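Worksheet for the structure shown next.
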Amino acid sequence: MAKYDFDIGILGGGSAGLTVAAGAAQFGAKTLLIEKEKVLGGDCLHYGCVPSKTLIRTARVFHIMKTAERFGLPRVDLKAVDFRGVVKRIQSVIGTIQEHDSEERFCRLGVRVEFGEPVFADRHSVQLNGKTVSAKNWVIATGSSPDIPPIEGIKKTPYITNREIFSLESLPSSMIVIGAGPIAIEMAQAFCRLGTKVTVLQRSGQILSKEDKDMADIVMNVMASEGVTFQLNSKIMEVKDLGSEREVIIKDSEDKTMSIRAEKLLIALGRRPNLSGLGLENISVDFDKKGLKIDNRLRTNHKHIYGAGDVTGEYQFTHAAGYEGGIVLSNAILHLPRKTDYGNLPWCTFTDPELASIGMNEKRAKDAGIKYRVLTEEFRANDRSLAEGEEVGKVKLLLDEKEKPIGVQILGPQGGELISEWVAVMNGGLKLSSLASAVHPYPTLAEINKRVAGNFFSGNIFSDKVKMALKFFFHLRGRACE
């Protein structure tokens with residue numbers, strides 16, 4: 001039987017890699033974790049989820065201060081934002097969380113942490129910092145990077161991505177955002193609220209293109225009311241460096257040419273997997289531009305080499321990476337066959353209002369040929385929402401032909417928190433009647449979940465047939481006011 005230096009080796013110290021490393025070591029496996037950056041935590045901690053949500057919160061507080069009159073308060077005269085203070089707060093939050101993702105903590109768990117750029121020497125070994133290390137199992141969890149499109153002039157024009165935007169030395173006076181996915185839209189709203197003039201360029205006719213158009217359009221209308229400019233159905237022809245400004249030449253939906261200028265150019269057009277330089281070609285691991293070719297147990301074509309996180313090309317969310325790390329642990333360490341199931345994977349775009357989803361939306365249901373019905377409940381009918389001054393948004397509940405919930409979208413205040421109740425309902429296989437009959441504290445935003453579930457039953461419960469039966473058996477006399 002072959003002997004290896006480690007039971008399991010992990011490439012990448014982001015959410016997926018850290019999940020596997022911590023779990024494997026605590027199960028008693030001799031574990032190696034290799035990270036190419038100088039610190040652990042991955043893109044989410046340093047350039048993604050953590051800094052973006054910190055920035056979004058700061059921008060929201062500033063927005064509330066600017067609109068204090070909405071709450072019956074006196075108008076506040078505010079100074080311009082000093083972005084250095086914002087960056088300082090972002091780095092402080094990252095630093096606090098970094099302690100949990102530190103080399104020292106993982107060493108205490110029993111994980112050997114190495115920093116460097118590994119290259120596969122054979123199917124069980126990598127070259128790292130001039131030496132060869134082997135492992136019985138390997139996990140590729142190297143994450144992803146911003147995908148830069150082949151736009152004319154892009155190589156000669158300075159631009160920023162999520163890796164640079166959270167460490168800018170000053171607040172840009174203006175910014176062009178290329179792309180309209182979650183990262184693009186979150187940053188567009190946040191910087192607009194801080195005082196940047198923002199223009200969003202989108203090639204299709206809808207922002208957040210994976211979401212239902214009615215929900216995405218509400219988000220866009222809110223942002224437009226705050227000052228964000230949208231150029232939909234735009235074809236980017238060229239970008240230029242004008243020194244103190246960047247210029248983007250586009251053609252609009254009517255094929256008219258337009259020039260847009262701004263101090264900063266943010267490119268947020270998706271992600272590409274970090275697979276180059278690993279030597280995967282040397283050991284014939286199957287992959288393409290989308291990511292690793294893996295089965296539903298997250299195994300590559302070499303069954304002892306797994307993929308998890310953004311490199312899978314599936315769902316590029318931190319919580320998905322953590323989930324996939326758990327799948328790898330079950331298969332590689334515990335030898336308990338476990339397959340991925342993304343059917344009830346939730347996600348959230350952290351705009352204001354937030355847009356959270358689980359399961360099917362109307363787009364996906366139509367694409368899958370599923371017949372469905374939709375129940376909705378508006379936030380303006382929720383007492384807590386009114387009290388908080390958060391009246392925009394709604395809940396959409398999709399039911400299949402058997403009247404089983406197949407998806408929920410929540411567009412409204414704290415949508416990411418409110419979707420968690422549906423995570424429990426759908427993953428636990430609970431009936432709608434359980435949610436509809438549950439008692440929620442009043443007044444809370446979460447009552448909206450009970451209400452939309454209750455809408456399903458109200459039509460039958462308060463029907464003419466029920467009223468006639470009650471009148472017959474209990475001699476009820478009907479309406480008291482005409």
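In the structure tokens, the first chain shown is A, the next is B, and so on; residue numbers restart at 1 for each chain, and ligands run from 1 in the order shown.
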Spatial neighbours of Phe83 (chain A), max dist 7 Å, only C-alpha atoms, sep filter under 2 positions, as an mmCIF file with N, CA and C atoms, in the first residue's frame:
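Output file around-v4.cif follows:
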data_model
loop_
_atom_site.group_PDB
_atom_site.id
_atom_site.type_symbol
_atom_site.label_atom_id
_atom_site.label_comp_id
_atom_site.auth_asym_id
_atom_site.auth_seq_id
_atom_site.Cartn_x
_atom_site.Cartn_y
_atom_site.Cartn_z
ATOM 1 N N VAL A 81 -17.842 62.547 2.108
ATOM 2 C CA VAL A 81 -17.266 61.342 2.680
ATOM 3 C C VAL A 81 -15.761 61.306 2.460
ATOM 4 N N GLY A 85 -11.540 56.881 5.817
ATOM 5 C CA GLY A 85 -12.196 56.392 7.031
ATOM 6 C C GLY A 85 -13.020 55.150 6.759
ATOM 7 N N VAL A 86 -13.664 55.115 5.591
ATOM 8 C CA VAL A 86 -14.451 53.944 5.200
ATOM 9 C C VAL A 86 -13.537 52.736 5.032
ATOM 10 N N VAL A 87 -12.402 52.949 4.346
ATOM 11 C CA VAL A 87 -11.442 51.863 4.134
ATOM 12 C C VAL A 87 -10.891 51.358 5.467
ATOM 13 N N GLU A 169 -7.945 55.175 -2.454
ATOM 14 C CA GLU A 169 -7.429 56.229 -1.580
ATOM 15 C C GLU A 169 -8.427 57.358 -1.357
ATOM 16 N N SER A 170 -9.368 57.499 -2.281
ATOM 17 C CA SER A 170 -10.379 58.553 -2.129
ATOM 18 C C SER A 170 -11.656 58.118 -2.824
ATOM 19 N N LEU A 171 -12.750 58.762 -2.461
ATOM 20 C CA LEU A 171 -14.036 58.453 -3.082
ATOM 21 C C LEU A 171 -14.058 59.010 -4.496
#
Can you pull out the residues contacting region 315-323 of chain A? Cut-off 9 Å, using only C-alpha atoms, and skip same-chain residues under 2 positions away; I want them as a ChimeraX atom specification. /A:14-20,44,49,141,143-144,271,308-313,325-328,340,342,345-347
Between region 121-209 of chain A and region 254-260 of chain A, at 12 Å or less, what are the per-residue closest atom pairs and their distances in Å? Count only C-alpha atoms, order by chain and rising residue number, and return it as a tab-separated table.
residue	atom	partner	partner_atom	distance
A:Ser174	CA	A:Ile260	CA	10.6
A:Met175	CA	A:Ile260	CA	9.9
A:Ile176	CA	A:Ile260	CA	8.0
A:Val177	CA	A:Ile260	CA	11.0
A:Ile178	CA	A:Ile260	CA	11.6
A:Lys197	CA	A:Ile260	CA	11.8
A:Val198	CA	A:Ile260	CA	10.8
A:Thr199	CA	A:Ile260	CA	8.5
A:Val200	CA	A:Ile260	CA	10.4
A:Leu201	CA	A:Ile260	CA	9.9
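The residue that comes closest to Met187 (chain A), out of A:Leu292, A:Met237, A:Ile56, A:Leu242 and on the basis of only C-alpha atoms, is A:Ile56.
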Quick one: residues within 6 Å of region 392-407 of chain A, only C-alpha atoms, excluding same-chain residues fewer than 4 positions away - as a PyMOL selection string? chain A and resi 358-361+372-379+411-412
